[in-house]
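S.K.: So that we are looking at the same thing, I have put the structure below in structure tokens.
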Amino acid sequence: MRVDGKHFRSIWRERDGWSVGAIDQRRLPHEFVVARLTSCEDAAVAIRDMLVRGAPLIGATAAYGMALAMREDASDAGLKRAYDTLVVARPTAINLKWALDEMRATLAPIDPVERAEAAYARADEIVEQDVEINRGIAGNGLKLIEAIVARKKPGETVNVLTHCNAGWLATVDWGTATAPIYLAHERGIKIHVWVDETRPRNQGASLTAWELGHHGVPHTVIPDNTGGHLMQHGMVDLAIVGTDRVAANGDVCNKIGTYLKALAAHDNGVPFYVALPSPTIDFAVNDGIRDIPIEQRSGVEVTDMTGRTADGRLETVRIVPEGSPVANYAFDVTPARLVTGLITERGVLKPDRASLAAAFPERIAAAAE
Ligand code: MRU
């Protein structure tokens with residue numbers, strides 16, 4: 001996607017051929033800074049501290065983390081150590097474990113002297129595959145938007161609500177929830193995005209608004225609790241969100257607050273779609289509400305906010321009384337019954353076990369191994 005007219009991805013191999021570049025998402029929207037990752041530990045810290053974030057990008061970073069690790073120590077012990085270090089970096093997005101399992105399956109059977117080269121090659125494939133998958137999601141989601149256009153009066157704008165950042169910053173390119181939006185915009189469809197600010201880390205206000213703005217897509221940032229009001233007044237045609245893990249029964253785990261949006265959408269007859277790449281499906285989890293681990297993050301993300309002052313300085317201020325306890329659950333689970341459809345690279349699926357299994361039989365087989 002574009003930043004000031006220049007094409008960017010969220011992660012890439014640097015010109016030296018081995019180190020990894022990534023946009024430091026902690027600094028957006030105020031500063032555009034590129035970080036250079038040179039070790040497995042760098043990759044683990046980047047994921048943990050949310051320099052990179054978003055389920056598919058976490059997976060891609062972990063894949064390169066394994067490649068960096070193989071430069072350091074390509075022995076069986078080194079492979080195990082890298083896997084164990086990276087897999088615990090964040091608990092909820094299943095793409096992390098998926099990417100590490102893919103890397104291990106490629107690397108474990110081969111001679112350690114060949115592992116570094118093979119690791120970079122496999123990581124590059126995972127990265128390219130993510131872009132391809134998101135193109136597929138774009139095309140399948142576009143059909144839903146076109147169907148809404150066909151029902152609207154000529155010249156009317158399609159209003160999409162999204163939560164968190166499931167944009168190109170959260171993937172390698174295109175995004176998942178934003179992929180159909182970017183494609184619709186490219187095709188000349190009049191589209192406008194309601195961007196939930198997404199407290200406490202403000203991924204919507206800081207990241208989604210930034211990327212839509214740089215790409216020229218009309219959008220409006222709203223406080224998190226605005227969606228229900230907009231839906232009651234016919235101002236949302238559909239919601240599209242991303243996800244960190246979809247259980248085999250179609251339950252969807254995504255950024256905290258997604259569930260409330262799904263409830264409001266259900267009450268108001270607004271279609272609620274979830275866009276996902278197949279590596280986000282976890283066929284090993286049968287009940288999302290019961291079994292998906294929900295990350296709890298530092299209370300500082302709730303008590304403190306950082307922003308730019310009128311004279312251009314970045315400043316952090318406390319917004320909660322000293323001594324008040326806070327809770328910071330990073331994700332929630334939306335039950336499948338509230339989801340209208342799952343936009344995948346293989347079509348828009350019903351959120352249930354049979355549809356997921358029929359569309360991705362090879363993933364079921366892998367989960368059973
Ligand atoms: O905590 P984050 O910013 O990593 O959470 C990201 C989300 O919740 C996204 O919606 C999800 O990872 C899908 S990204 C295509």
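Following the order of the structure tokens, first chain is A, next is B, and so on, with residues numbered from 1 inside each chain and ligands from 1 in the order they appear.
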Quick one: residues within 8 Å of A:Thr92, only C-alpha atoms counted, chain neighbours fewer than 3 positions away excluded, as a short mmCIF file (atom, residue, chain, number, x, y, z; two decimals) with N, CA, C and O atoms, in the first residue's frame?

M.R.:
data_model
loop_
_atom_site.label_atom_id
_atom_site.label_comp_id
_atom_site.auth_asym_id
_atom_site.auth_seq_id
_atom_site.Cartn_x
_atom_site.Cartn_y
_atom_site.Cartn_z
N ASP A 244 -7.96 -12.64 15.22
CA ASP A 244 -6.70 -13.26 15.65
C ASP A 244 -6.77 -14.78 15.69
O ASP A 244 -5.75 -15.46 15.70
N ARG A 245 -8.00 -15.29 15.79
CA ARG A 245 -8.16 -16.74 15.81
C ARG A 245 -9.65 -17.06 15.62
O ARG A 245 -10.51 -16.49 16.30
N ILE A 292 -10.11 -20.17 23.69
CA ILE A 292 -9.07 -19.29 23.11
C ILE A 292 -8.45 -18.47 24.24
O ILE A 292 -9.17 -17.79 24.99
N PRO A 293 -7.12 -18.51 24.38
CA PRO A 293 -6.47 -17.73 25.45
C PRO A 293 -6.55 -16.23 25.15
O PRO A 293 -6.22 -15.80 24.05
N ILE A 294 -7.00 -15.47 26.12
CA ILE A 294 -7.14 -14.01 25.95
C ILE A 294 -5.96 -13.32 26.63
O ILE A 294 -5.78 -13.45 27.85
N GLU A 295 -5.20 -12.59 25.83
CA GLU A 295 -4.04 -11.87 26.36
C GLU A 295 -4.50 -10.76 27.30
O GLU A 295 -5.45 -10.04 27.01
N PHE A 331 -8.41 -8.94 23.97
CA PHE A 331 -9.29 -9.54 22.94
C PHE A 331 -10.59 -10.01 23.57
O PHE A 331 -10.68 -10.20 24.79
#

S.K.: Would you please give, as a VMD selection string, all residues of stretch 86-292 of chain A that DSSP assigns to strand (DSSP E) based on the backbone?

M.R.: chain A and resid 158 to 162 191 to 196 219 to 222 238 to 241 245 to 247 252 to 255 272 to 275 281 to 282

S.K.: Where does chain A meet ligand 1 within 6 Å, residue by residue, with the nearest atom pair and distance in Å to one decimal for each, counting only C-alpha atoms and all ligand atoms, listed by chain and rising number, as a Markdown table?

M.R.:
| residue | atom | partner | partner_atom_place_in_ligand_line | distance |
| --- | --- | --- | --- | --- |
| A:Arg53 | CA | ligand 1 | 4 (O) | 4.0 |
| A:Gly54 | CA | ligand 1 | 12 (O) | 3.5 |
| A:Ala55 | CA | ligand 1 | 12 (O) | 3.8 |
| A:Pro56 | CA | ligand 1 | 15 (C) | 5.9 |
| A:Cys164 | CA | ligand 1 | 10 (O) | 5.3 |
| A:Asn165 | CA | ligand 1 | 10 (O) | 5.3 |
| A:Ala166 | CA | ligand 1 | 15 (C) | 3.8 |
| A:Ala170 | CA | ligand 1 | 14 (S) | 4.7 |
| A:Thr171 | CA | ligand 1 | 15 (C) | 5.6 |
| A:Gly175 | CA | ligand 1 | 15 (C) | 5.6 |
| A:Thr176 | CA | ligand 1 | 15 (C) | 4.9 |
| A:Gly242 | CA | ligand 1 | 13 (C) | 4.0 |
| A:Thr243 | CA | ligand 1 | 13 (C) | 4.1 |
| A:Asp244 | CA | ligand 1 | 12 (O) | 4.5 |
| A:Asn254 | CA | ligand 1 | 8 (O) | 4.6 |
| A:Lys255 | CA | ligand 1 | 8 (O) | 3.7 |

S.K.: Can you spit out the residues from that selection as a short mmCIF file (atom, residue, chain, number, x, y, z; two decimals), in the first residue's frame, using all heavy atoms?

M.R.:
data_model
loop_
_atom_site.label_atom_id
_atom_site.label_comp_id
_atom_site.auth_asym_id
_atom_site.auth_seq_id
_atom_site.Cartn_x
_atom_site.Cartn_y
_atom_site.Cartn_z
N ARG A 53 2.39 -5.80 14.91
CA ARG A 53 1.20 -6.40 15.54
C ARG A 53 0.20 -6.73 14.44
O ARG A 53 0.43 -6.44 13.28
CB ARG A 53 0.60 -5.53 16.66
CG ARG A 53 0.76 -4.05 16.56
CD ARG A 53 0.00 -3.39 15.46
NE ARG A 53 -1.39 -3.79 15.48
CZ ARG A 53 -2.18 -3.77 14.44
NH1 ARG A 53 -1.74 -3.37 13.26
NH2 ARG A 53 -3.44 -4.13 14.53
N GLY A 54 -0.92 -7.36 14.85
CA GLY A 54 -1.85 -7.87 13.84
C GLY A 54 -1.47 -9.32 13.55
O GLY A 54 -0.28 -9.62 13.33
N ALA A 55 -2.47 -10.20 13.55
CA ALA A 55 -2.18 -11.64 13.52
C ALA A 55 -1.28 -12.08 12.35
O ALA A 55 -0.25 -12.74 12.57
CB ALA A 55 -3.50 -12.41 13.51
N PRO A 56 -1.59 -11.71 11.09
CA PRO A 56 -0.74 -12.21 10.00
C PRO A 56 0.68 -11.64 10.06
O PRO A 56 1.65 -12.36 9.77
CB PRO A 56 -1.46 -11.72 8.73
CG PRO A 56 -2.88 -11.53 9.16
CD PRO A 56 -2.80 -11.02 10.57
N CYS A 164 -10.44 -1.83 15.40
CA CYS A 164 -8.99 -2.12 15.49
C CYS A 164 -8.32 -1.83 14.16
O CYS A 164 -8.81 -1.04 13.36
CB CYS A 164 -8.73 -3.56 15.94
SG CYS A 164 -7.01 -3.83 16.46
N ASN A 165 -7.17 -2.43 13.93
CA ASN A 165 -6.51 -2.31 12.64
C ASN A 165 -6.31 -3.69 12.06
O ASN A 165 -5.48 -4.47 12.54
CB ASN A 165 -5.15 -1.60 12.74
CG ASN A 165 -4.40 -1.65 11.40
OD1 ASN A 165 -3.52 -2.47 11.20
ND2 ASN A 165 -4.77 -0.78 10.48
N ALA A 166 -7.14 -4.01 11.06
CA ALA A 166 -6.94 -5.23 10.28
C ALA A 166 -6.60 -4.78 8.86
O ALA A 166 -7.10 -5.29 7.87
CB ALA A 166 -8.17 -6.11 10.31
N ALA A 170 -1.37 -4.59 9.57
CA ALA A 170 -1.56 -5.79 10.40
C ALA A 170 -1.21 -7.07 9.65
O ALA A 170 -1.18 -8.15 10.22
CB ALA A 170 -3.00 -5.87 10.88
N THR A 171 -0.96 -6.90 8.33
CA THR A 171 -0.60 -8.05 7.49
C THR A 171 0.72 -7.68 6.80
O THR A 171 1.42 -6.78 7.25
CB THR A 171 -1.71 -8.30 6.44
OG1 THR A 171 -1.77 -7.18 5.56
CG2 THR A 171 -3.07 -8.48 7.11
N GLY A 175 -4.03 -5.92 3.93
CA GLY A 175 -4.90 -6.11 5.10
C GLY A 175 -5.92 -7.19 4.82
O GLY A 175 -6.00 -7.77 3.74
N THR A 176 -6.73 -7.48 5.86
CA THR A 176 -7.82 -8.45 5.67
C THR A 176 -9.14 -7.67 5.61
O THR A 176 -9.75 -7.56 4.55
CB THR A 176 -7.84 -9.50 6.80
OG1 THR A 176 -7.96 -8.84 8.07
CG2 THR A 176 -6.59 -10.34 6.76
N GLY A 242 -11.33 -7.81 11.46
CA GLY A 242 -10.35 -8.89 11.32
C GLY A 242 -10.49 -9.87 12.47
O GLY A 242 -11.46 -9.83 13.24
N THR A 243 -9.53 -10.77 12.59
CA THR A 243 -9.55 -11.72 13.70
C THR A 243 -8.16 -12.28 13.97
O THR A 243 -7.33 -12.36 13.07
CB THR A 243 -10.54 -12.88 13.43
OG1 THR A 243 -10.36 -13.90 14.41
CG2 THR A 243 -10.33 -13.50 12.05
N ASP A 244 -7.96 -12.64 15.22
CA ASP A 244 -6.70 -13.26 15.65
C ASP A 244 -6.77 -14.78 15.69
O ASP A 244 -5.75 -15.46 15.70
CB ASP A 244 -6.28 -12.73 17.02
CG ASP A 244 -5.79 -11.31 16.88
OD1 ASP A 244 -6.64 -10.40 16.78
OD2 ASP A 244 -4.57 -11.11 16.83
N ASN A 254 -11.23 -11.46 18.38
CA ASN A 254 -10.63 -10.25 17.80
C ASN A 254 -10.46 -9.22 18.91
O ASN A 254 -10.80 -9.46 20.08
CB ASN A 254 -11.50 -9.71 16.66
CG ASN A 254 -10.79 -8.62 15.86
OD1 ASN A 254 -9.62 -8.78 15.50
ND2 ASN A 254 -11.46 -7.51 15.59
N LYS A 255 -9.94 -8.08 18.53
CA LYS A 255 -9.66 -7.00 19.48
C LYS A 255 -10.83 -6.73 20.41
O LYS A 255 -11.99 -6.74 19.99
CB LYS A 255 -9.31 -5.74 18.67
CG LYS A 255 -8.93 -4.52 19.46
CD LYS A 255 -7.84 -4.76 20.46
CE LYS A 255 -6.57 -5.34 19.88
NZ LYS A 255 -5.64 -5.88 20.90
#

S.K.: Quick one: residues within 10 Å of A:Leu169, only C-alpha atoms counted, chain neighbours fewer than 4 positions away excluded, as an mmCIF file with C-alpha atoms, in the first residue's frame?

M.R.:
data_model
loop_
_atom_site.group_PDB
_atom_site.id
_atom_site.type_symbol
_atom_site.label_atom_id
_atom_site.label_comp_id
_atom_site.auth_asym_id
_atom_site.auth_seq_id
_atom_site.Cartn_x
_atom_site.Cartn_y
_atom_site.Cartn_z
ATOM 1 C CA MET A 1 0.000 0.000 0.000
ATOM 2 C CA PHE A 8 5.415 -0.038 1.274
ATOM 3 C CA ARG A 9 4.918 -3.375 2.918
ATOM 4 C CA SER A 10 4.848 -3.737 6.689
ATOM 5 C CA ILE A 11 7.860 -6.108 6.719
ATOM 6 C CA ALA A 22 9.643 -3.410 9.626
ATOM 7 C CA ILE A 23 7.610 -0.277 10.197
ATOM 8 C CA ASP A 24 7.683 0.553 13.918
ATOM 9 C CA GLN A 25 3.947 0.726 14.589
ATOM 10 C CA VAL A 52 4.720 -5.204 14.835
ATOM 11 C CA ARG A 53 1.203 -6.404 15.540
ATOM 12 C CA GLY A 54 -1.850 -7.867 13.840
ATOM 13 C CA PRO A 56 -0.735 -12.207 9.995
ATOM 14 C CA LEU A 57 2.168 -9.812 10.555
ATOM 15 C CA ASN A 165 -6.505 -2.311 12.635
ATOM 16 C CA ASP A 173 0.095 -5.893 2.457
ATOM 17 C CA TRP A 174 -3.572 -5.085 1.669
ATOM 18 C CA GLY A 175 -4.904 -6.109 5.097
ATOM 19 C CA LEU A 207 -3.129 3.038 12.484
ATOM 20 C CA THR A 208 -6.298 2.411 10.456
ATOM 21 C CA TRP A 210 -3.333 6.671 9.115
ATOM 22 C CA GLU A 211 -3.333 4.035 6.407
#

S.K.: Using only C-alpha atoms, which of the listed residues (A:Gly216, A:Gly5, A:Pro271, A:Pro200) sits closest to A:Ser298?

M.R.: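 Between A:Gly216, A:Gly5, A:Pro271, A:Pro200, the residue approaching A:Ser298 most closely is A:Pro200.
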
S.K.: Using atom CA of A:Thr106 and atom CA of A:Ala138 as the two end points, give the distance in Å to one decimal.

M.R.: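 Rounded to one decimal, the two atoms are 29.2 Å apart.
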
S.K.: Based on the backbone DSSP call, show me all residues of stretch 154-283 of chain A assigned helix (DSSP H, G or I), as a PDB file with N, CA and C atoms, in the first residue's frame.

M.R.:
ATOM      1  N   TRP A 168      -3.386  -3.021   6.107  1.00  0.00           N
ATOM      2  CA  TRP A 168      -2.123  -3.575   5.576  1.00  0.00           C
ATOM      3  C   TRP A 168      -1.039  -3.584   6.628  1.00  0.00           C
ATOM      4  N   LEU A 169      -1.129  -2.700   7.602  1.00  0.00           N
ATOM      5  CA  LEU A 169      -0.128  -2.701   8.675  1.00  0.00           C
ATOM      6  C   LEU A 169      -0.202  -3.976   9.521  1.00  0.00           C
ATOM      7  N   ALA A 170      -1.375  -4.590   9.572  1.00  0.00           N
ATOM      8  CA  ALA A 170      -1.558  -5.787  10.399  1.00  0.00           C
ATOM      9  C   ALA A 170      -1.208  -7.067   9.645  1.00  0.00           C
ATOM     10  N   ALA A 179      -8.945  -5.059   2.923  1.00  0.00           N
ATOM     11  CA  ALA A 179      -8.635  -5.447   1.535  1.00  0.00           C
ATOM     12  C   ALA A 179      -9.820  -5.179   0.594  1.00  0.00           C
ATOM     13  N   PRO A 180     -11.053  -5.598   0.959  1.00  0.00           N
ATOM     14  CA  PRO A 180     -12.178  -5.297   0.063  1.00  0.00           C
ATOM     15  C   PRO A 180     -12.445  -3.795  -0.045  1.00  0.00           C
ATOM     16  N   ILE A 181     -12.139  -3.075   1.023  1.00  0.00           N
ATOM     17  CA  ILE A 181     -12.344  -1.618   1.021  1.00  0.00           C
ATOM     18  C   ILE A 181     -11.381  -0.960   0.038  1.00  0.00           C
ATOM     19  N   TYR A 182     -10.100  -1.350   0.100  1.00  0.00           N
ATOM     20  CA  TYR A 182      -9.117  -0.780  -0.833  1.00  0.00           C
ATOM     21  C   TYR A 182      -9.477  -1.123  -2.279  1.00  0.00           C
ATOM     22  N   LEU A 183      -9.931  -2.370  -2.494  1.00  0.00           N
ATOM     23  CA  LEU A 183     -10.259  -2.771  -3.864  1.00  0.00           C
ATOM     24  C   LEU A 183     -11.481  -1.993  -4.362  1.00  0.00           C
ATOM     25  N   ALA A 184     -12.483  -1.856  -3.487  1.00  0.00           N
ATOM     26  CA  ALA A 184     -13.688  -1.100  -3.879  1.00  0.00           C
ATOM     27  C   ALA A 184     -13.303   0.345  -4.221  1.00  0.00           C
ATOM     28  N   HIS A 185     -12.451   0.929  -3.406  1.00  0.00           N
ATOM     29  CA  HIS A 185     -11.998   2.314  -3.638  1.00  0.00           C
ATOM     30  C   HIS A 185     -11.274   2.403  -4.985  1.00  0.00           C
ATOM     31  N   GLU A 186     -10.408   1.400  -5.226  1.00  0.00           N
ATOM     32  CA  GLU A 186      -9.662   1.362  -6.499  1.00  0.00           C
ATOM     33  C   GLU A 186     -10.611   1.259  -7.692  1.00  0.00           C
ATOM     34  N   GLN A 203      -5.566   1.381  18.056  1.00  0.00           N
ATOM     35  CA  GLN A 203      -5.098   0.927  16.739  1.00  0.00           C
ATOM     36  C   GLN A 203      -5.944   1.508  15.610  1.00  0.00           C
ATOM     37  N   GLY A 204      -7.230   1.775  15.895  1.00  0.00           N
ATOM     38  CA  GLY A 204      -8.079   2.363  14.850  1.00  0.00           C
ATOM     39  C   GLY A 204      -7.688   3.807  14.588  1.00  0.00           C
ATOM     40  N   ALA A 205      -7.660   4.598  15.677  1.00  0.00           N
ATOM     41  CA  ALA A 205      -7.365   6.033  15.544  1.00  0.00           C
ATOM     42  C   ALA A 205      -5.940   6.272  15.054  1.00  0.00           C
ATOM     43  N   SER A 206      -5.004   5.433  15.509  1.00  0.00           N
ATOM     44  CA  SER A 206      -3.590   5.684  15.178  1.00  0.00           C
ATOM     45  C   SER A 206      -3.159   5.020  13.877  1.00  0.00           C
ATOM     46  N   LEU A 207      -3.664   3.817  13.607  1.00  0.00           N
ATOM     47  CA  LEU A 207      -3.129   3.038  12.484  1.00  0.00           C
ATOM     48  C   LEU A 207      -4.094   2.963  11.298  1.00  0.00           C
ATOM     49  N   THR A 208      -5.358   2.546  11.573  1.00  0.00           N
ATOM     50  CA  THR A 208      -6.298   2.411  10.456  1.00  0.00           C
ATOM     51  C   THR A 208      -6.543   3.776   9.808  1.00  0.00           C
ATOM     52  N   ALA A 209      -6.747   4.794  10.635  1.00  0.00           N
ATOM     53  CA  ALA A 209      -6.974   6.141  10.085  1.00  0.00           C
ATOM     54  C   ALA A 209      -5.750   6.602   9.290  1.00  0.00           C
ATOM     55  N   TRP A 210      -4.574   6.280   9.795  1.00  0.00           N
ATOM     56  CA  TRP A 210      -3.333   6.671   9.115  1.00  0.00           C
ATOM     57  C   TRP A 210      -3.243   6.013   7.749  1.00  0.00           C
ATOM     58  N   GLU A 211      -3.497   4.683   7.712  1.00  0.00           N
ATOM     59  CA  GLU A 211      -3.333   4.035   6.407  1.00  0.00           C
ATOM     60  C   GLU A 211      -4.433   4.413   5.431  1.00  0.00           C
ATOM     61  N   LEU A 212      -5.672   4.529   5.903  1.00  0.00           N
ATOM     62  CA  LEU A 212      -6.746   4.934   4.984  1.00  0.00           C
ATOM     63  C   LEU A 212      -6.472   6.342   4.455  1.00  0.00           C
ATOM     64  N   GLY A 213      -6.020   7.217   5.341  1.00  0.00           N
ATOM     65  CA  GLY A 213      -5.712   8.596   4.953  1.00  0.00           C
ATOM     66  C   GLY A 213      -4.622   8.649   3.893  1.00  0.00           C
ATOM     67  N   HIS A 214      -3.551   7.871   4.103  1.00  0.00           N
ATOM     68  CA  HIS A 214      -2.452   7.874   3.130  1.00  0.00           C
ATOM     69  C   HIS A 214      -2.865   7.277   1.801  1.00  0.00           C
ATOM     70  N   HIS A 215      -3.907   6.450   1.836  1.00  0.00           N
ATOM     71  CA  HIS A 215      -4.363   5.819   0.600  1.00  0.00           C
ATOM     72  C   HIS A 215      -5.528   6.583  -0.032  1.00  0.00           C
ATOM     73  N   ASP A 224     -15.145   4.552  20.550  1.00  0.00           N
ATOM     74  CA  ASP A 224     -15.554   3.147  20.465  1.00  0.00           C
ATOM     75  C   ASP A 224     -17.042   2.909  20.686  1.00  0.00           C
ATOM     76  N   ASN A 225     -17.658   3.741  21.509  1.00  0.00           N
ATOM     77  CA  ASN A 225     -19.053   3.473  21.852  1.00  0.00           C
ATOM     78  C   ASN A 225     -20.066   4.128  20.921  1.00  0.00           C
ATOM     79  N   THR A 226     -19.634   4.545  19.723  1.00  0.00           N
ATOM     80  CA  THR A 226     -20.516   5.259  18.791  1.00  0.00           C
ATOM     81  C   THR A 226     -21.256   4.329  17.833  1.00  0.00           C
ATOM     82  N   GLY A 227     -20.690   3.155  17.581  1.00  0.00           N
ATOM     83  CA  GLY A 227     -21.205   2.275  16.534  1.00  0.00           C
ATOM     84  C   GLY A 227     -22.687   1.958  16.654  1.00  0.00           C
ATOM     85  N   GLY A 228     -23.138   1.669  17.879  1.00  0.00           N
ATOM     86  CA  GLY A 228     -24.544   1.308  18.069  1.00  0.00           C
ATOM     87  C   GLY A 228     -25.472   2.431  17.622  1.00  0.00           C
ATOM     88  N   HIS A 229     -25.126   3.646  17.964  1.00  0.00           N
ATOM     89  CA  HIS A 229     -25.931   4.814  17.570  1.00  0.00           C
ATOM     90  C   HIS A 229     -25.984   4.931  16.039  1.00  0.00           C
ATOM     91  N   LEU A 230     -24.835   4.782  15.398  1.00  0.00           N
ATOM     92  CA  LEU A 230     -24.794   4.901  13.929  1.00  0.00           C
ATOM     93  C   LEU A 230     -25.650   3.818  13.281  1.00  0.00           C
ATOM     94  N   MET A 231     -25.585   2.620  13.839  1.00  0.00           N
ATOM     95  CA  MET A 231     -26.359   1.515  13.258  1.00  0.00           C
ATOM     96  C   MET A 231     -27.856   1.762  13.416  1.00  0.00           C
ATOM     97  N   GLN A 232     -28.263   2.274  14.571  1.00  0.00           N
ATOM     98  CA  GLN A 232     -29.691   2.572  14.792  1.00  0.00           C
ATOM     99  C   GLN A 232     -30.221   3.571  13.777  1.00  0.00           C
ATOM    100  N   THR A 258     -14.928  -5.972  19.928  1.00  0.00           N
ATOM    101  CA  THR A 258     -15.544  -6.499  18.698  1.00  0.00           C
ATOM    102  C   THR A 258     -16.905  -7.125  19.009  1.00  0.00           C
ATOM    103  N   TYR A 259     -16.955  -7.864  20.104  1.00  0.00           N
ATOM    104  CA  TYR A 259     -18.206  -8.539  20.500  1.00  0.00           C
ATOM    105  C   TYR A 259     -19.356  -7.536  20.652  1.00  0.00           C
ATOM    106  N   LEU A 260     -19.078  -6.406  21.298  1.00  0.00           N
ATOM    107  CA  LEU A 260     -20.138  -5.400  21.490  1.00  0.00           C
ATOM    108  C   LEU A 260     -20.631  -4.862  20.150  1.00  0.00           C
ATOM    109  N   LYS A 261     -19.728  -4.714  19.190  1.00  0.00           N
ATOM    110  CA  LYS A 261     -20.131  -4.233  17.856  1.00  0.00           C
ATOM    111  C   LYS A 261     -21.014  -5.277  17.170  1.00  0.00           C
ATOM    112  N   ALA A 262     -20.653  -6.548  17.355  1.00  0.00           N
ATOM    113  CA  ALA A 262     -21.443  -7.622  16.745  1.00  0.00           C
ATOM    114  C   ALA A 262     -22.850  -7.668  17.352  1.00  0.00           C
ATOM    115  N   LEU A 263     -22.943  -7.432  18.662  1.00  0.00           N
ATOM    116  CA  LEU A 263     -24.264  -7.405  19.317  1.00  0.00           C
ATOM    117  C   LEU A 263     -25.109  -6.261  18.754  1.00  0.00           C
ATOM    118  N   ALA A 264     -24.484  -5.093  18.629  1.00  0.00           N
ATOM    119  CA  ALA A 264     -25.220  -3.934  18.101  1.00  0.00           C
ATOM    120  C   ALA A 264     -25.637  -4.185  16.657  1.00  0.00           C
ATOM    121  N   ALA A 265     -24.758  -4.804  15.877  1.00  0.00           N
ATOM    122  CA  ALA A 265     -25.081  -5.091  14.475  1.00  0.00           C
ATOM    123  C   ALA A 265     -26.257  -6.061  14.403  1.00  0.00           C
ATOM    124  N   HIS A 266     -26.218  -7.084  15.236  1.00  0.00           N
ATOM    125  CA  HIS A 266     -27.286  -8.087  15.253  1.00  0.00           C
ATOM    126  C   HIS A 266     -28.630  -7.420  15.590  1.00  0.00           C
ATOM    127  N   ASP A 267     -28.612  -6.544  16.583  1.00  0.00           N
ATOM    128  CA  ASP A 267     -29.847  -5.887  17.027  1.00  0.00           C
ATOM    129  C   ASP A 267     -30.425  -4.970  15.954  1.00  0.00           C
ATOM    130  N   ASN A 268     -29.551  -4.485  15.075  1.00  0.00           N
ATOM    131  CA  ASN A 268     -29.988  -3.513  14.073  1.00  0.00           C
ATOM    132  C   ASN A 268     -30.027  -4.079  12.651  1.00  0.00           C
ATOM    133  N   SER A 278      -6.667 -18.088   5.874  1.00  0.00           N
ATOM    134  CA  SER A 278      -6.845 -19.434   6.445  1.00  0.00           C
ATOM    135  C   SER A 278      -5.895 -19.754   7.601  1.00  0.00           C
ATOM    136  N   PRO A 279      -4.653 -19.209   7.652  1.00  0.00           N
ATOM    137  CA  PRO A 279      -3.820 -19.537   8.829  1.00  0.00           C
ATOM    138  C   PRO A 279      -4.401 -19.049  10.156  1.00  0.00           C
ATOM    139  N   THR A 280      -5.452 -18.256  10.111  1.00  0.00           N
ATOM    140  CA  THR A 280      -6.067 -17.774  11.359  1.00  0.00           C
ATOM    141  C   THR A 280      -7.083 -18.764  11.921  1.00  0.00           C
TER     142      THR A 280
END

S.K.: Quick one: everything within 8 Å of A:Ile240, counting only C-alpha atoms, minus sequence neighbours fewer than 3 positions away in the same chain. Send it as a PyMOL selection string.

M.R.: chain A and resi 160-163+177-178+272-275

S.K.: Can you pull out every residue within 12 Å of A:Val326, counting only C-alpha atoms, but drop anything in the same chain fewer than 6 positions away, and send it as JSON, numbers by chain?

M.R.: {"A": [200, 296, 297, 298, 299, 300, 301, 302, 303, 304, 319, 320]}

S.K.: From the options A:Leu338, A:Ile256, A:Pro218, A:Asn140, which residue's atoms come nearest to A:Glu197, counting only C-alpha atoms?

M.R.: A:Ile256

S.K.: Which residues of stretch 193-283 of chain A have any atom within 10 Å of an atom in stretch 345-356 of chain A when counting only C-alpha atoms, and what is the closest pair of atoms for each, with the distance in Å to one decimal? Order the rows by chain and rising number and write it as a Markdown table.

M.R.:
| residue | atom | partner | partner_atom | distance |
| --- | --- | --- | --- | --- |
| A:Val246 | CA | A:Pro351 | CA | 9.1 |
| A:Ala247 | CA | A:Arg353 | CA | 8.5 |
| A:Ala248 | CA | A:Arg353 | CA | 5.3 |
| A:Asn249 | CA | A:Arg353 | CA | 4.6 |
| A:Gly250 | CA | A:Pro351 | CA | 4.3 |
| A:Asp251 | CA | A:Pro351 | CA | 7.3 |
| A:Val252 | CA | A:Pro351 | CA | 8.8 |
| A:Tyr273 | CA | A:Val348 | CA | 9.0 |
| A:Val274 | CA | A:Pro351 | CA | 9.3 |
| A:Ala275 | CA | A:Val348 | CA | 8.8 |
| A:Leu276 | CA | A:Glu345 | CA | 7.9 |
| A:Pro277 | CA | A:Glu345 | CA | 6.4 |
| A:Ser278 | CA | A:Glu345 | CA | 7.4 |
| A:Ile281 | CA | A:Leu356 | CA | 8.4 |
| A:Phe283 | CA | A:Arg353 | CA | 8.9 |

S.K.: Report, in Å with one decimal, the straight-line distance from atom CA of A:Asn159 to atom CA of A:Gly136.

M.R.: 21.6 Å
